[in-house]
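Only one structure is covered here, and it is reproduced in the block below.
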Amino acid sequence: MHRVVALVRPVQSTFELGCAVEVFGTERAELPQHYEFEVCTEEPGPVPTTAGYAISVAHDLSVLASADTVLIPGWAPVQAPLSPPVRHALLRAHARGARLVTICSGVFALARTGLLDGRSATTHWARATQLQQEFPRIRVQPDMLYVDHGDVATSAGAGAGIDLCLHLVRKDHGAAHAALLARHMVMPLHRDGGQRQYAPPAAPTNALDGLLDWAETRLGSPLSVRDLAAHANVSPRTLARRFTDHLGTSPGAWLLSRRVAEARTLLEQTDLPVEAIAARVGLTSAVNLRRRFRAQVGTTPGAYRRAFRTS
């Protein structure tokens, strides 16, 4: 069982902590429970929250010594320093192999450990400039939903914290389990970390109405960006602009990500050979699927299937 421990402090954001609880700490009868979830703080007892009530936290920093993932769900005020005990506990957890994850302003706490120096990271767009000015050795990515380096991961505004948490579930237990969990949470099945977190001006609400669902049912066909544009009755250039405004990505990149996502599900849930899966998701050949799969997932289809094949 993977142990996730959230480190909270006064005044704790209830929403950001709730994002982690929903993904890692909520038991659902229809789903296997892969995580143990606990909350700790430097001084156990009542911890004030942004909602005006206090939460009772029983665990101190000692529980971080056995955490597989340490999660910092916000850090307010962002200028608050790390106490020596908190800093040492985070560094010790990281040194023994724990994954350190932040939601929104939690990145300011992680930045003060030095573990983000020389790396990319993200936070809420409104705090990105402040983060860059205070920590110039960090490459701040203000347009990304989340950034995952494996041992450390950061996310943008609170809603993007759910995207990051689901991304971690996908890494830990496969795309099918993460998709099922997302459905139970009534969340989008997958938003890539590279999608834009804030993209004014927004596209009209009906700009992509029905197009994505239409394309999802035709992944096995030789669907092109021109086909998408024709179905939407717009030019490819207009379609590209609407995708950028609405999803923060291009039509071609979205189409490829959905094909790879469908390939992941088929690798997990079927015994189909890689050649057949490639044809089913519109990637034409096993060679093309392997190349695209490795570029997006970081491993081969065969290795992915061995890791996440379900009975």
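Residue numbering restarts at 1 in every chain; chains get A, B, ... in the order shown in the structure tokens, and ligands count up from 1 in that same order.
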Hey, could you make a per-residue contact list for region 115-223 of chain A against region 269-288 of chain A with 9 Å as the cut-off, showing the nearest pair of atoms and its distance in Å to one decimal, counting only C-alpha atoms, sorted by chain and number, as JSON lines?
{"residue": "A:Ala176", "atom": "CA", "partner": "A:Gln269", "partner_atom": "CA", "distance": 7.9}
{"residue": "A:Arg218", "atom": "CA", "partner": "A:Val281", "partner_atom": "CA", "distance": 8.4}
{"residue": "A:Leu219", "atom": "CA", "partner": "A:Val281", "partner_atom": "CA", "distance": 5.1}
{"residue": "A:Gly220", "atom": "CA", "partner": "A:Gly282", "partner_atom": "CA", "distance": 4.2}
{"residue": "A:Ser221", "atom": "CA", "partner": "A:Gly282", "partner_atom": "CA", "distance": 5.6}
{"residue": "A:Pro222", "atom": "CA", "partner": "A:Gly282", "partner_atom": "CA", "distance": 6.0}
{"residue": "A:Leu223", "atom": "CA", "partner": "A:Gly282", "partner_atom": "CA", "distance": 7.6}
*Quick one: DSSP strand (DSSP E or B) residues in region 87-206 of chain A, as a PyMOL selection string?*
chain A and resi 99-103+120-121+139-140+144+146-148+152-155+196
Those same residues - C-alpha atoms - I'd like them written as a short mmCIF file (atom, residue, chain, number, x, y, z; two decimals), in the first residue's frame.
data_model
loop_
_atom_site.label_atom_id
_atom_site.label_comp_id
_atom_site.auth_asym_id
_atom_site.auth_seq_id
_atom_site.Cartn_x
_atom_site.Cartn_y
_atom_site.Cartn_z
CA ARG A 99 8.13 11.61 -3.88
CA LEU A 100 7.56 15.28 -2.95
CA VAL A 101 4.45 16.85 -4.51
CA THR A 102 3.01 20.36 -4.22
CA ILE A 103 -0.34 21.89 -5.06
CA SER A 120 11.40 23.57 -13.94
CA ALA A 121 8.33 24.08 -11.76
CA ARG A 139 12.80 27.66 -14.25
CA VAL A 140 9.23 28.77 -13.63
CA MET A 144 1.75 24.58 -17.39
CA TYR A 146 1.83 20.56 -13.65
CA VAL A 147 5.49 19.58 -13.92
CA ASP A 148 6.62 16.10 -12.85
CA VAL A 152 9.45 16.10 -7.21
CA ALA A 153 6.28 17.43 -8.85
CA THR A 154 4.50 20.79 -8.77
CA SER A 155 1.08 21.96 -9.95
CA ARG A 196 -2.19 26.06 -20.56
#
*Go through region 23-266 of chain A and collect every residue that DSSP, computed from the backbone, puts in alpha helix (DSSP H); the answer should be as a ChimeraX atom specification.*
/A:84-95,107-111,128-134,158-173,175-184,211-216,225-232,236-247,251-266
Same residues, C-alpha atoms, saved as an mmCIF file, in the first residue's frame:
data_model
loop_
_atom_site.group_PDB
_atom_site.id
_atom_site.type_symbol
_atom_site.label_atom_id
_atom_site.label_comp_id
_atom_site.auth_asym_id
_atom_site.auth_seq_id
_atom_site.Cartn_x
_atom_site.Cartn_y
_atom_site.Cartn_z
ATOM 1 C CA PRO A 84 14.411 23.771 10.529
ATOM 2 C CA PRO A 85 12.414 20.668 11.612
ATOM 3 C CA VAL A 86 10.115 20.886 8.554
ATOM 4 C CA ARG A 87 13.004 21.487 6.162
ATOM 5 C CA HIS A 88 15.010 18.589 7.574
ATOM 6 C CA ALA A 89 11.980 16.272 7.479
ATOM 7 C CA LEU A 90 11.338 17.074 3.808
ATOM 8 C CA LEU A 91 14.988 16.628 2.848
ATOM 9 C CA ARG A 92 15.237 13.341 4.751
ATOM 10 C CA ALA A 93 12.071 12.042 3.071
ATOM 11 C CA HIS A 94 13.417 12.954 -0.363
ATOM 12 C CA ALA A 95 16.853 11.453 0.372
ATOM 13 C CA VAL A 107 5.789 25.073 -4.344
ATOM 14 C CA PHE A 108 7.114 27.949 -2.200
ATOM 15 C CA ALA A 109 7.768 25.515 0.647
ATOM 16 C CA LEU A 110 9.456 22.993 -1.637
ATOM 17 C CA ALA A 111 11.538 25.759 -3.239
ATOM 18 C CA ALA A 128 4.543 32.806 -11.026
ATOM 19 C CA THR A 129 6.403 36.129 -11.167
ATOM 20 C CA GLN A 130 6.858 36.160 -7.397
ATOM 21 C CA LEU A 131 8.184 32.600 -7.445
ATOM 22 C CA GLN A 132 10.679 33.449 -10.187
ATOM 23 C CA GLN A 133 11.890 36.585 -8.435
ATOM 24 C CA GLU A 134 12.330 34.891 -5.071
ATOM 25 C CA ALA A 158 -5.794 24.309 -6.961
ATOM 26 C CA GLY A 159 -7.838 22.642 -9.715
ATOM 27 C CA ALA A 160 -4.616 21.654 -11.462
ATOM 28 C CA GLY A 161 -3.684 19.849 -8.250
ATOM 29 C CA ILE A 162 -6.357 17.290 -9.075
ATOM 30 C CA ASP A 163 -4.845 16.895 -12.547
ATOM 31 C CA LEU A 164 -1.431 16.256 -11.006
ATOM 32 C CA CYS A 165 -2.803 13.799 -8.451
ATOM 33 C CA LEU A 166 -4.629 11.850 -11.175
ATOM 34 C CA HIS A 167 -1.447 11.916 -13.265
ATOM 35 C CA LEU A 168 0.413 10.312 -10.334
ATOM 36 C CA VAL A 169 -2.288 7.650 -10.004
ATOM 37 C CA ARG A 170 -1.883 6.989 -13.735
ATOM 38 C CA LYS A 171 1.871 6.530 -13.257
ATOM 39 C CA ASP A 172 1.402 4.302 -10.211
ATOM 40 C CA HIS A 173 -1.502 2.111 -11.334
ATOM 41 C CA ALA A 175 -4.407 4.666 -17.273
ATOM 42 C CA ALA A 176 -7.492 2.467 -16.861
ATOM 43 C CA HIS A 177 -7.568 2.781 -13.073
ATOM 44 C CA ALA A 178 -6.927 6.541 -13.240
ATOM 45 C CA ALA A 179 -9.699 6.949 -15.823
ATOM 46 C CA LEU A 180 -12.143 4.990 -13.654
ATOM 47 C CA LEU A 181 -11.256 7.110 -10.633
ATOM 48 C CA ALA A 182 -11.694 10.284 -12.698
ATOM 49 C CA ARG A 183 -15.144 9.122 -13.797
ATOM 50 C CA HIS A 184 -16.160 8.555 -10.168
ATOM 51 C CA LEU A 211 -16.039 17.915 -32.004
ATOM 52 C CA LEU A 212 -13.977 16.149 -29.353
ATOM 53 C CA ASP A 213 -16.596 13.441 -28.803
ATOM 54 C CA TRP A 214 -16.916 12.987 -32.564
ATOM 55 C CA ALA A 215 -13.153 12.594 -32.918
ATOM 56 C CA GLU A 216 -12.892 10.202 -29.936
ATOM 57 C CA VAL A 225 -6.509 17.992 -38.571
ATOM 58 C CA ARG A 226 -8.191 18.908 -41.878
ATOM 59 C CA ASP A 227 -10.908 16.340 -41.114
ATOM 60 C CA LEU A 228 -11.465 17.932 -37.706
ATOM 61 C CA ALA A 229 -11.659 21.382 -39.273
ATOM 62 C CA ALA A 230 -14.081 20.190 -41.940
ATOM 63 C CA HIS A 231 -16.361 18.619 -39.337
ATOM 64 C CA ALA A 232 -16.317 21.861 -37.330
ATOM 65 C CA PRO A 236 -7.545 24.543 -40.069
ATOM 66 C CA ARG A 237 -6.076 27.862 -38.898
ATOM 67 C CA THR A 238 -9.283 28.816 -37.086
ATOM 68 C CA LEU A 239 -9.489 25.362 -35.538
ATOM 69 C CA ALA A 240 -5.890 25.640 -34.313
ATOM 70 C CA ARG A 241 -6.677 28.983 -32.691
ATOM 71 C CA ARG A 242 -9.760 27.583 -30.967
ATOM 72 C CA PHE A 243 -7.835 24.560 -29.674
ATOM 73 C CA THR A 244 -5.129 26.844 -28.310
ATOM 74 C CA ASP A 245 -7.667 29.130 -26.615
ATOM 75 C CA HIS A 246 -9.874 26.337 -25.303
ATOM 76 C CA LEU A 247 -7.409 23.522 -24.499
ATOM 77 C CA PRO A 251 -5.388 19.845 -32.770
ATOM 78 C CA GLY A 252 -2.590 17.505 -33.867
ATOM 79 C CA ALA A 253 -1.108 17.246 -30.375
ATOM 80 C CA TRP A 254 -4.545 16.618 -28.864
ATOM 81 C CA LEU A 255 -5.320 13.925 -31.426
ATOM 82 C CA LEU A 256 -2.003 12.169 -30.792
ATOM 83 C CA SER A 257 -2.447 12.312 -27.008
ATOM 84 C CA ARG A 258 -5.900 10.716 -27.282
ATOM 85 C CA ARG A 259 -4.541 7.949 -29.541
ATOM 86 C CA VAL A 260 -1.753 7.171 -27.102
ATOM 87 C CA ALA A 261 -4.221 7.274 -24.188
ATOM 88 C CA GLU A 262 -6.476 4.776 -25.971
ATOM 89 C CA ALA A 263 -3.453 2.580 -26.689
ATOM 90 C CA ARG A 264 -2.632 2.571 -22.969
ATOM 91 C CA THR A 265 -6.122 1.363 -22.128
ATOM 92 C CA LEU A 266 -5.991 -1.394 -24.753
#
_I'd like the neighbourhood of region 7-17 of chain A as a PyMOL selection string, where a residue qualifies if any of its atoms comes within 6 Å (using only C-alpha atoms), though same-chain residues fewer than 3 positions away should be ignored._
chain A and resi 20+40-41+47-50+72-73+158
*asked:* What does the structure give for the distance between CA of Gly302 (chain A) and CA of Leu267 (chain A), in Å to one decimal?
replied: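 A separation of 8.2 Å between them.
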*Grab the CA of Gly118 (chain A) to CA of Ser83 (chain A) distance for me, in Å with one decimal place.*
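It comes out at 22.9 Å.
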